[in-house]
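*Asks:* Dropping in entry_15.cif, which is mmCIF, C-alpha atoms and all ligand atoms:
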data_my_file
loop_
_atom_site.group_PDB
_atom_site.id
_atom_site.type_symbol
_atom_site.label_atom_id
_atom_site.label_comp_id
_atom_site.auth_asym_id
_atom_site.auth_seq_id
_atom_site.Cartn_x
_atom_site.Cartn_y
_atom_site.Cartn_z
ATOM 1 C CA MET A 2 -15.837 67.797 79.574
ATOM 2 C CA SER A 3 -19.527 67.412 79.247
ATOM 3 C CA GLY A 4 -22.625 67.983 77.220
ATOM 4 C CA HIS A 5 -22.007 70.758 74.777
ATOM 5 C CA TRP A 6 -18.331 69.947 74.193
ATOM 6 C CA PHE A 7 -19.129 66.498 72.913
ATOM 7 C CA SER A 8 -21.960 67.132 70.525
ATOM 8 C CA ASP A 9 -22.891 67.064 66.864
ATOM 9 C CA ALA A 10 -23.462 70.838 67.026
ATOM 10 C CA ARG A 11 -19.854 71.416 68.134
ATOM 11 C CA ILE A 12 -18.624 69.517 65.092
ATOM 12 C CA VAL A 13 -20.426 71.895 62.756
ATOM 13 C CA GLU A 14 -19.110 74.956 64.664
ATOM 14 C CA SER A 15 -15.577 73.653 64.303
ATOM 15 C CA TRP A 16 -15.873 73.076 60.542
ATOM 16 C CA ARG A 17 -17.294 76.572 60.118
ATOM 17 C CA ALA A 18 -14.233 77.960 61.931
ATOM 18 C CA ASN A 19 -11.754 75.952 59.869
ATOM 19 C CA ALA A 20 -13.139 76.235 56.346
ATOM 20 C CA GLU A 21 -10.240 78.325 55.098
ATOM 21 C CA PRO A 22 -7.248 76.320 56.424
ATOM 22 C CA TRP A 23 -9.072 73.098 55.533
ATOM 23 C CA THR A 24 -9.444 74.211 51.915
ATOM 24 C CA SER A 25 -5.735 75.126 51.769
ATOM 25 C CA ALA A 26 -4.697 71.806 53.317
ATOM 26 C CA VAL A 27 -6.791 69.723 50.897
ATOM 27 C CA ARG A 28 -5.951 71.716 47.787
ATOM 28 C CA GLY A 29 -2.278 71.993 48.731
ATOM 29 C CA ASN A 30 -2.058 68.197 49.178
ATOM 30 C CA GLN A 31 -0.809 68.782 52.710
ATOM 31 C CA ILE A 32 -2.398 65.689 54.254
ATOM 32 C CA GLU A 33 0.052 62.872 53.593
ATOM 33 C CA SER A 34 -2.289 59.913 54.149
ATOM 34 C CA ARG A 35 -4.721 61.422 51.625
ATOM 35 C CA ALA A 36 -2.030 62.011 49.021
ATOM 36 C CA LEU A 37 -0.512 58.554 49.495
ATOM 37 C CA VAL A 38 -3.546 56.359 50.082
ATOM 38 C CA THR A 39 -7.024 57.487 50.918
ATOM 39 C CA ASN A 40 -7.880 59.812 47.995
ATOM 40 C CA SER A 41 -7.242 57.131 45.406
ATOM 41 C CA ALA A 42 -8.841 54.504 47.665
ATOM 42 C CA ILE A 43 -12.196 56.312 47.771
ATOM 43 C CA ILE A 44 -12.111 57.105 44.046
ATOM 44 C CA ASP A 45 -11.432 53.413 43.295
ATOM 45 C CA ALA A 46 -14.252 52.342 45.618
ATOM 46 C CA VAL A 47 -16.727 54.657 43.857
ATOM 47 C CA LEU A 48 -15.539 53.604 40.393
ATOM 48 C CA SER A 49 -15.969 49.928 41.374
ATOM 49 C CA ARG A 50 -19.745 50.513 41.295
ATOM 50 C CA SER A 51 -19.628 52.053 37.763
ATOM 51 C CA PRO A 52 -22.023 54.857 38.737
ATOM 52 C CA GLY A 53 -23.407 57.510 36.418
ATOM 53 C CA SER A 54 -24.203 59.796 39.335
ATOM 54 C CA ALA A 55 -22.932 60.362 42.863
ATOM 55 C CA LEU A 56 -23.980 62.260 45.974
ATOM 56 C CA ASP A 57 -21.000 63.412 48.076
ATOM 57 C CA ILE A 58 -22.236 63.741 51.650
ATOM 58 C CA GLY A 59 -20.190 66.229 53.701
ATOM 59 C CA CYS A 60 -18.243 67.194 50.578
ATOM 60 C CA GLY A 61 -16.133 69.945 52.154
ATOM 61 C CA GLU A 62 -14.437 72.071 49.484
ATOM 62 C CA GLY A 63 -15.513 69.572 46.839
ATOM 63 C CA TRP A 64 -12.355 67.731 45.711
ATOM 64 C CA LEU A 65 -14.097 64.358 45.321
ATOM 65 C CA VAL A 66 -16.883 65.804 43.164
ATOM 66 C CA ARG A 67 -14.223 67.301 40.886
ATOM 67 C CA ALA A 68 -12.246 64.056 40.825
ATOM 68 C CA LEU A 69 -15.343 62.028 39.888
ATOM 69 C CA ALA A 70 -16.255 64.509 37.148
ATOM 70 C CA ALA A 71 -12.969 63.592 35.460
ATOM 71 C CA TYR A 72 -14.423 60.053 35.106
ATOM 72 C CA GLY A 73 -17.669 61.339 33.615
ATOM 73 C CA ILE A 74 -19.655 60.905 36.841
ATOM 74 C CA ARG A 75 -22.260 63.608 37.526
ATOM 75 C CA ALA A 76 -21.811 64.431 41.187
ATOM 76 C CA VAL A 77 -23.650 66.611 43.660
ATOM 77 C CA GLY A 78 -21.879 67.701 46.829
ATOM 78 C CA VAL A 79 -23.647 68.738 50.022
ATOM 79 C CA ASP A 80 -22.150 70.210 53.165
ATOM 80 C CA VAL A 81 -23.494 72.184 56.105
ATOM 81 C CA VAL A 82 -20.790 74.879 55.967
ATOM 82 C CA PRO A 83 -21.741 77.638 53.503
ATOM 83 C CA SER A 84 -18.175 78.915 53.014
ATOM 84 C CA LEU A 85 -16.995 75.432 52.003
ATOM 85 C CA ILE A 86 -19.846 75.150 49.496
ATOM 86 C CA GLU A 87 -18.955 78.611 48.190
ATOM 87 C CA ARG A 88 -15.357 77.495 47.629
ATOM 88 C CA ALA A 89 -16.547 74.284 45.995
ATOM 89 C CA ARG A 90 -18.793 76.202 43.597
ATOM 90 C CA GLN A 91 -15.935 78.487 42.626
ATOM 91 C CA ALA A 92 -13.792 75.476 41.722
ATOM 92 C CA GLY A 93 -16.694 73.834 39.841
ATOM 93 C CA GLY A 94 -16.890 70.255 38.558
ATOM 94 C CA GLY A 95 -20.414 69.569 39.793
ATOM 95 C CA GLU A 96 -23.408 70.885 41.661
ATOM 96 C CA PHE A 97 -23.042 71.964 45.292
ATOM 97 C CA MET A 98 -25.685 72.619 47.919
ATOM 98 C CA VAL A 99 -25.671 73.772 51.525
ATOM 99 C CA ALA A 100 -27.423 71.069 53.533
ATOM 100 C CA SER A 101 -26.956 69.366 56.877
ATOM 101 C CA TYR A 102 -27.250 65.640 57.536
ATOM 102 C CA GLU A 103 -30.466 66.530 59.330
ATOM 103 C CA ASP A 104 -31.778 68.070 56.071
ATOM 104 C CA LEU A 105 -30.771 64.952 54.138
ATOM 105 C CA ALA A 106 -32.394 62.676 56.730
ATOM 106 C CA ALA A 107 -35.578 64.766 56.536
ATOM 107 C CA GLY A 108 -35.749 64.139 52.787
ATOM 108 C CA GLU A 109 -35.225 67.794 51.929
ATOM 109 C CA ILE A 110 -32.606 67.060 49.274
ATOM 110 C CA LEU A 111 -34.245 65.093 46.512
ATOM 111 C CA LYS A 112 -31.084 64.063 44.696
ATOM 112 C CA LYS A 113 -31.058 60.311 44.229
ATOM 113 C CA ALA A 114 -27.761 58.927 42.994
ATOM 114 C CA ASP A 115 -26.179 55.629 41.970
ATOM 115 C CA VAL A 116 -23.614 56.071 44.735
ATOM 116 C CA ALA A 117 -23.865 58.079 47.945
ATOM 117 C CA VAL A 118 -20.380 58.571 49.365
ATOM 118 C CA ALA A 119 -19.151 59.973 52.678
ATOM 119 C CA ASN A 120 -15.389 60.561 52.788
ATOM 120 C CA PHE A 121 -14.175 61.158 56.355
ATOM 121 C CA SER A 122 -17.359 63.111 56.972
ATOM 122 C CA LEU A 123 -19.341 60.874 59.361
ATOM 123 C CA ILE A 124 -17.926 62.381 62.513
ATOM 124 C CA GLY A 125 -20.811 62.810 64.925
ATOM 125 C CA ARG A 126 -23.261 60.599 66.770
ATOM 126 C CA GLU A 127 -27.008 61.242 66.303
ATOM 127 C CA SER A 128 -26.537 63.229 63.084
ATOM 128 C CA VAL A 129 -24.755 60.246 61.527
ATOM 129 C CA GLU A 130 -27.203 57.663 62.858
ATOM 130 C CA ASN A 131 -30.223 59.640 61.593
ATOM 131 C CA LEU A 132 -28.590 60.208 58.213
ATOM 132 C CA LEU A 133 -27.763 56.528 57.750
ATOM 133 C CA ARG A 134 -31.291 55.474 58.647
ATOM 134 C CA SER A 135 -32.534 57.335 55.588
ATOM 135 C CA VAL A 136 -29.561 57.011 53.248
ATOM 136 C CA SER A 137 -31.135 54.181 51.229
ATOM 137 C CA ASP A 138 -33.858 56.673 50.218
ATOM 138 C CA LEU A 139 -31.106 58.671 48.468
ATOM 139 C CA LEU A 140 -30.054 55.724 46.285
ATOM 140 C CA ASN A 141 -31.260 54.748 42.835
ATOM 141 C CA PRO A 142 -32.221 51.071 42.409
ATOM 142 C CA ALA A 143 -29.051 48.921 42.763
ATOM 143 C CA GLY A 144 -27.262 51.961 44.182
ATOM 144 C CA ALA A 145 -24.575 51.798 46.847
ATOM 145 C CA PHE A 146 -23.555 53.730 49.927
ATOM 146 C CA ILE A 147 -19.810 54.037 50.506
ATOM 147 C CA LEU A 148 -18.074 55.441 53.554
ATOM 148 C CA GLN A 149 -14.403 55.996 54.330
ATOM 149 C CA THR A 150 -13.394 56.643 57.916
ATOM 150 C CA LEU A 151 -10.254 56.585 60.023
ATOM 151 C CA HIS A 152 -9.525 52.919 60.661
ATOM 152 C CA PRO A 153 -10.925 52.284 64.133
ATOM 153 C CA VAL A 154 -8.078 50.009 65.182
ATOM 154 C CA THR A 155 -5.302 52.421 64.203
ATOM 155 C CA ALA A 156 -7.238 55.554 65.278
ATOM 156 C CA CYS A 157 -8.100 54.131 68.717
ATOM 157 C CA GLY A 158 -4.824 55.154 70.346
ATOM 158 C CA ASP A 159 -4.505 54.292 74.024
ATOM 159 C CA GLN A 160 -8.221 54.547 74.709
ATOM 160 C CA PRO A 161 -10.501 51.533 75.202
ATOM 161 C CA TYR A 162 -11.713 49.983 71.957
ATOM 162 C CA GLU A 163 -15.348 50.964 72.479
ATOM 163 C CA ASP A 164 -17.755 53.510 71.021
ATOM 164 C CA GLY A 165 -17.684 56.977 72.554
ATOM 165 C CA TRP A 166 -16.924 60.655 72.107
ATOM 166 C CA ARG A 167 -13.279 61.607 71.733
ATOM 167 C CA PRO A 168 -11.762 65.092 71.959
ATOM 168 C CA GLY A 169 -10.586 66.555 68.675
ATOM 169 C CA SER A 170 -7.031 67.370 67.663
ATOM 170 C CA TRP A 171 -5.337 69.146 64.786
ATOM 171 C CA ALA A 172 -2.003 67.449 65.478
ATOM 172 C CA GLY A 173 -0.039 67.322 62.242
ATOM 173 C CA PHE A 174 -1.975 70.244 60.710
ATOM 174 C CA SER A 175 -0.830 73.851 60.307
ATOM 175 C CA GLU A 176 -1.167 76.501 63.016
ATOM 176 C CA ALA A 177 -3.980 78.121 61.058
ATOM 177 C CA PHE A 178 -6.363 75.467 62.423
ATOM 178 C CA SER A 179 -8.280 76.132 65.647
ATOM 179 C CA ASP A 180 -11.100 74.736 67.737
ATOM 180 C CA PRO A 181 -10.769 71.012 66.817
ATOM 181 C CA ALA A 182 -14.027 69.103 66.423
ATOM 182 C CA PRO A 183 -14.841 66.291 68.824
ATOM 183 C CA TRP A 184 -15.663 63.012 67.105
ATOM 184 C CA TYR A 185 -17.658 59.925 67.930
ATOM 185 C CA PHE A 186 -15.431 56.843 67.805
ATOM 186 C CA ARG A 187 -17.050 53.660 66.478
ATOM 187 C CA THR A 188 -15.515 50.198 66.400
ATOM 188 C CA VAL A 189 -15.559 48.139 63.180
ATOM 189 C CA GLU A 190 -18.311 46.006 64.720
ATOM 190 C CA SER A 191 -20.332 49.116 65.537
ATOM 191 C CA TRP A 192 -19.980 50.626 62.036
ATOM 192 C CA THR A 193 -21.147 47.360 60.530
ATOM 193 C CA ARG A 194 -24.072 47.077 62.939
ATOM 194 C CA LEU A 195 -25.091 50.670 62.230
ATOM 195 C CA LEU A 196 -25.229 49.971 58.492
ATOM 196 C CA ILE A 197 -27.224 46.774 59.000
ATOM 197 C CA GLU A 198 -29.656 48.573 61.330
ATOM 198 C CA SER A 199 -29.962 51.222 58.604
ATOM 199 C CA ARG A 200 -31.332 48.580 56.178
ATOM 200 C CA LEU A 201 -28.021 48.411 54.308
ATOM 201 C CA ALA A 202 -26.157 45.245 53.371
ATOM 202 C CA VAL A 203 -22.368 45.489 53.592
ATOM 203 C CA VAL A 204 -21.066 43.958 50.364
ATOM 204 C CA GLU A 205 -17.396 44.870 50.668
ATOM 205 C CA THR A 206 -14.854 46.022 53.239
ATOM 206 C CA ARG A 207 -11.570 47.607 52.220
ATOM 207 C CA GLU A 208 -8.595 48.436 54.457
ATOM 208 C CA PRO A 209 -6.144 50.486 52.364
ATOM 209 C CA LEU A 210 -2.636 50.236 53.809
ATOM 210 C CA HIS A 211 -0.365 53.167 54.541
ATOM 211 C CA PRO A 212 2.837 52.444 52.622
ATOM 212 C CA LYS A 213 5.064 53.826 55.376
ATOM 213 C CA THR A 214 3.585 51.912 58.313
ATOM 214 C CA GLY A 215 2.027 48.895 56.617
ATOM 215 C CA LEU A 216 -1.049 49.517 58.787
ATOM 216 C CA PRO A 217 -4.538 50.373 57.514
ATOM 217 C CA ALA A 218 -4.860 54.080 56.766
ATOM 218 C CA SER A 219 -8.632 53.852 56.677
ATOM 219 C CA LEU A 220 -11.681 51.620 56.610
ATOM 220 C CA ILE A 221 -13.977 51.666 53.586
ATOM 221 C CA LEU A 222 -17.404 50.025 53.751
ATOM 222 C CA ILE A 223 -19.513 49.504 50.635
ATOM 223 C CA ALA A 224 -23.188 48.726 51.202
ATOM 224 C CA THR A 225 -26.320 48.288 49.124
ATOM 225 C CA ALA A 226 -29.933 48.860 50.103
ATOM 226 C CA SER A 227 -31.174 45.553 51.524
HETATM 227 C C1 LIG A 301 -13.024 65.896 57.328
HETATM 228 S S1 LIG A 301 -14.118 66.921 56.377
HETATM 229 C C2 LIG A 301 -14.233 65.946 54.891
HETATM 230 C C3 LIG A 301 -14.640 66.748 53.701
HETATM 231 C C4 LIG A 301 -14.630 65.991 52.364
HETATM 232 N N1 LIG A 301 -15.529 64.842 52.386
HETATM 233 C C5 LIG A 301 -13.235 65.563 51.993
HETATM 234 O O1 LIG A 301 -13.000 64.388 51.739
HETATM 235 O O2 LIG A 301 -12.335 66.438 51.933
HETATM 236 C C6 LIG A 301 -15.719 66.664 57.169
HETATM 237 C C7 LIG A 301 -16.858 67.428 56.529
HETATM 238 O O3 LIG A 301 -18.102 66.992 57.096
HETATM 239 C C8 LIG A 301 -18.969 68.117 57.156
HETATM 240 N N2 LIG A 301 -20.015 67.859 58.159
HETATM 241 C C9 LIG A 301 -19.836 67.485 59.438
HETATM 242 N N3 LIG A 301 -21.005 67.370 60.073
HETATM 243 C C10 LIG A 301 -21.982 67.688 59.164
HETATM 244 C C11 LIG A 301 -23.408 67.744 59.210
HETATM 245 N N4 LIG A 301 -24.090 67.460 60.341
HETATM 246 N N5 LIG A 301 -24.065 68.079 58.080
HETATM 247 C C12 LIG A 301 -23.382 68.346 56.919
HETATM 248 N N6 LIG A 301 -22.023 68.319 56.821
HETATM 249 C C13 LIG A 301 -21.334 67.994 57.936
HETATM 250 C C14 LIG A 301 -18.046 69.251 57.544
HETATM 251 O O4 LIG A 301 -18.604 70.518 57.294
HETATM 252 C C15 LIG A 301 -16.798 68.935 56.731
HETATM 253 O O5 LIG A 301 -16.803 69.582 55.496
#
Rewrite the structure of this file - the entire thing - as structure tokens.
Ligand SMILES: C[S@@+](CC[C@H](N)C(=O)[O-])C[C@H]1O[C@@H](n2cnc3c(N)ncnc32)[C@H](O)[C@@H]1O

*Replies:*
Amino acid sequence: MSGHWFSDARIVESWRANAEPWTSAVRGNQIESRALVTNSAIIDAVLSRSPGSALDIGCGEGWLVRALAAYGIRAVGVDVVPSLIERARQAGGGEFMVASYEDLAAGEILKKADVAVANFSLIGRESVENLLRSVSDLLNPAGAFILQTLHPVTACGDQPYEDGWRPGSWAGFSEAFSDPAPWYFRTVESWTRLLIESRLAVVETREPLHPKTGLPASLILIATAS
């Protein structure tokens, strides 16, 4: 597989195609690791910064914005897929805008927040690197950037533990899903380096454990503008 199949553009095409089953899966609590571990882990990480406002980057159908609203946090969600933003608006809980990471990196969304959070949404290569380079511009003074991603060690599978594109898979999801998005695998070292190169200082690392396996379900990095 070459070129087009492993690209940031393919990722966006795939999320456009899967907006409906994705919304059902999230709202129906069909993703076990989310229900058991990672949803509460990202909420706890955001709350640990005591923010008044949050920017949810790649918000999908908007569950995290709604969850944060329950704690009195004013949140704005942005996502590149219009039908996900439409669904998010219908459910309410905050403000939602259609925007790509490229738009955010270009400074087109002037929504500074106390916390910028990306929950399993930093999937690509250049789009993610360009976004992170400018993410500190989206933070209020003393603000923090928080990301949650698949834990690189447990998500690596049989492949070499090194950065690179990986084919997508909807294994474990319903048959309504199609056209899985490729993703750019990054090691823990590489995630940390990327944040440091993006003028961010990693202040905390969290590895929430899956209760059934005892292994990390995800990696959470909390960083401040340095
Ligand atoms: C796995 S979903 C996570 C959604 C949400 N954060 C959640 O926790 O349910 C990944 C999201 O990233 C968004 N995304 C991927 N690449 C993007 C880009 N370049 N610009 C904006 N959003 C993007 C997708 O549209 C999708 O909604």

*Asks:* Residues within 9 Å of Ile110 in chain A, please, as a list in words. Count only C-alpha atoms; anything in the same chain fewer than 4 positions from it doesn't count.

*Replies:*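 Contacts, with the query itself left out: Met98, Ala100, Asp104, Leu105, Ala106 and Leu139 of chain A.
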
*Asks:* For chain A against ligand LIG 301 (chain A), with a cut-off of 9 Å and counting all atoms listed in the file, what is the closest atom pair and its distance in Å to one decimal for every residue that makes the cut, ordered by chain and number, as a tab-separated table?

*Replies:*
residue	atom	partner	partner_atom	distance
A:Asp9	CA	A:LIG301	N4	6.6
A:Ala10	CA	A:LIG301	N4	7.5
A:Ile12	CA	A:LIG301	N3	6.0
A:Val13	CA	A:LIG301	N3	5.3
A:Glu14	CA	A:LIG301	O4	8.6
A:Ser15	CA	A:LIG301	O4	8.3
A:Trp16	CA	A:LIG301	O4	5.0
A:Arg17	CA	A:LIG301	O4	6.8
A:Ala20	CA	A:LIG301	O5	7.6
A:Trp23	CA	A:LIG301	S1	8.0
A:Thr24	CA	A:LIG301	O2	8.3
A:Val27	CA	A:LIG301	O2	6.5
A:Arg35	CA	A:LIG301	O1	8.8
A:Asn40	CA	A:LIG301	O1	7.8
A:Asp57	CA	A:LIG301	N1	7.1
A:Ile58	CA	A:LIG301	N1	6.8
A:Gly59	CA	A:LIG301	O3	4.1
A:Cys60	CA	A:LIG301	N1	4.0
A:Gly61	CA	A:LIG301	O5	3.4
A:Glu62	CA	A:LIG301	O2	6.5
A:Gly63	CA	A:LIG301	C4	6.6
A:Trp64	CA	A:LIG301	O2	6.4
A:Leu65	CA	A:LIG301	O1	6.5
A:Gly78	CA	A:LIG301	N1	8.9
A:Val79	CA	A:LIG301	C12	6.9
A:Asp80	CA	A:LIG301	N6	4.1
A:Val81	CA	A:LIG301	C12	3.9
A:Val82	CA	A:LIG301	O4	5.1
A:Pro83	CA	A:LIG301	O4	8.7
A:Leu85	CA	A:LIG301	O5	6.8
A:Ile86	CA	A:LIG301	O5	8.7
A:Val99	CA	A:LIG301	C12	8.0
A:Ala100	CA	A:LIG301	C12	5.9
A:Ser101	CA	A:LIG301	N5	3.4
A:Tyr102	CA	A:LIG301	N5	4.0
A:Glu103	CA	A:LIG301	N4	6.5
A:Asp104	CA	A:LIG301	N5	8.0
A:Leu105	CA	A:LIG301	N5	8.4
A:Val118	CA	A:LIG301	N1	8.5
A:Ala119	CA	A:LIG301	N1	6.1
A:Asn120	CA	A:LIG301	N1	4.3
A:Phe121	CA	A:LIG301	C1	5.0
A:Ser122	CA	A:LIG301	C6	3.9
A:Leu123	CA	A:LIG301	C9	6.6
A:Ile124	CA	A:LIG301	C9	6.3
A:Gly125	CA	A:LIG301	N3	6.7
A:Ser128	CA	A:LIG301	N4	5.6
A:Val129	CA	A:LIG301	N4	7.3
A:Leu132	CA	A:LIG301	N4	8.8
A:Gln149	CA	A:LIG301	O1	8.9

*Asks:* Pick from A:Glu87, A:Asp115, A:Glu127, A:Glu33: nearest to Ser54 in chain A, with only C-alpha atoms counted?

*Replies:*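 Closest to Ser54 in chain A of all the choices is A:Asp115.
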
*Asks:* Considering all atoms listed in the file, state which residue in the set A:Leu69, A:Ala26, A:Val136, A:Ala182 is at the smallest distance from Ala117 in chain A.

*Replies:*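 For Ala117 in chain A, the nearest of the candidates is A:Val136.
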
*Asks:* If we count only C-alpha atoms and set the cut-off at 9 Å, which residues sit around Val66 in chain A, ignoring sequence neighbours fewer than 2 positions away in its own chain? Please answer as a tab-separated table (two decimals) with C-alpha atoms, in the coordinates of the input.

*Replies:*
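Below is the file out00.tsv, written as the result:
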chain	number	residue	atom	x	y	z
A	55	ALA	CA	-22.93	60.36	42.86
A	56	LEU	CA	-23.98	62.26	45.97
A	57	ASP	CA	-21.00	63.41	48.08
A	60	CYS	CA	-18.24	67.19	50.58
A	63	GLY	CA	-15.51	69.57	46.84
A	64	TRP	CA	-12.36	67.73	45.71
A	68	ALA	CA	-12.25	64.06	40.83
A	69	LEU	CA	-15.34	62.03	39.89
A	70	ALA	CA	-16.26	64.51	37.15
A	71	ALA	CA	-12.97	63.59	35.46
A	74	ILE	CA	-19.66	60.90	36.84
A	75	ARG	CA	-22.26	63.61	37.53
A	76	ALA	CA	-21.81	64.43	41.19
A	77	VAL	CA	-23.65	66.61	43.66
A	78	GLY	CA	-21.88	67.70	46.83
A	89	ALA	CA	-16.55	74.28	46.00
A	93	GLY	CA	-16.69	73.83	39.84
A	94	GLY	CA	-16.89	70.26	38.56
A	95	GLY	CA	-20.41	69.57	39.79
A	96	GLU	CA	-23.41	70.89	41.66
A	97	PHE	CA	-23.04	71.96	45.29

*Asks:* Work out how far CA of Pro217 in chain A is from CA of Ile44 in chain A, in Å to one decimal.

*Replies:* 16.9 Å

*Asks:* I'd like to know which of A:Ser84, A:Leu196, A:Gly108, A:Ala145 is closest to Leu48 in chain A, using all atoms listed in the file.

*Replies:* A:Ala145

*Asks:* Please return, as a ChimeraX atom specification, all polymer residues that have at least one atom within 12 Å of the point (-11.7, 48.5, 54.8); use all atoms listed in the file and the file's own coordinate frame.

*Replies:* /A:39,42-43,46,147-154,189,192-193,203-210,216-223

*Asks:* Nearest to Gly29 in chain A: which of A:Ser51, A:Ser175, A:Thr225, A:Asn141 is it, counting all atoms listed in the file?

*Replies:*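 Nearest to Gly29 in chain A: A:Ser175.
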
*Asks:* One decimal, Å: what's the distance from CA of Ser137 in chain A over to CA of Ala226 in chain A, could you say?

*Replies:*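 Computed distance, CA of Ser137 in chain A to CA of Ala226 in chain A, equals 5.6 Å.
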
*Asks:* Go through A:Leu37, A:Phe174, A:Cys157, A:Trp166 and flag the residue nearest Thr214 in chain A, using only C-alpha atoms for the distances.

*Replies:*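 So, comparing all the options, the nearest one is A:Leu37.
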
*Asks:* Every residue with an atom at most 12 Å from (-10.5, 48.1, 70.9) (file coordinates; only C-alpha atoms) is what I'm after, so could you write them as a ChimeraX atom specification?

*Replies:* /A:152-165,186-191

*Asks:* So how many Å separate CA of Lys113 in chain A and CA of Glu130 in chain A, to one decimal?

*Replies:* 19.2 Å

*Asks:* Hey, what's within 9 Å of Pro168 in chain A if we count all atoms listed in the file and toss same-chain stuff fewer than 6 positions away? As a count of residues only, please?

*Replies:* 7

*Asks:* Counting only C-alpha atoms, which residue out of A:Ala143, A:Ala92, A:Ala18, A:Ile32 sits closest to Arg50 in chain A?

*Replies:*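 The shortest atom-to-atom distance to Arg50 in chain A comes from A:Ala143.
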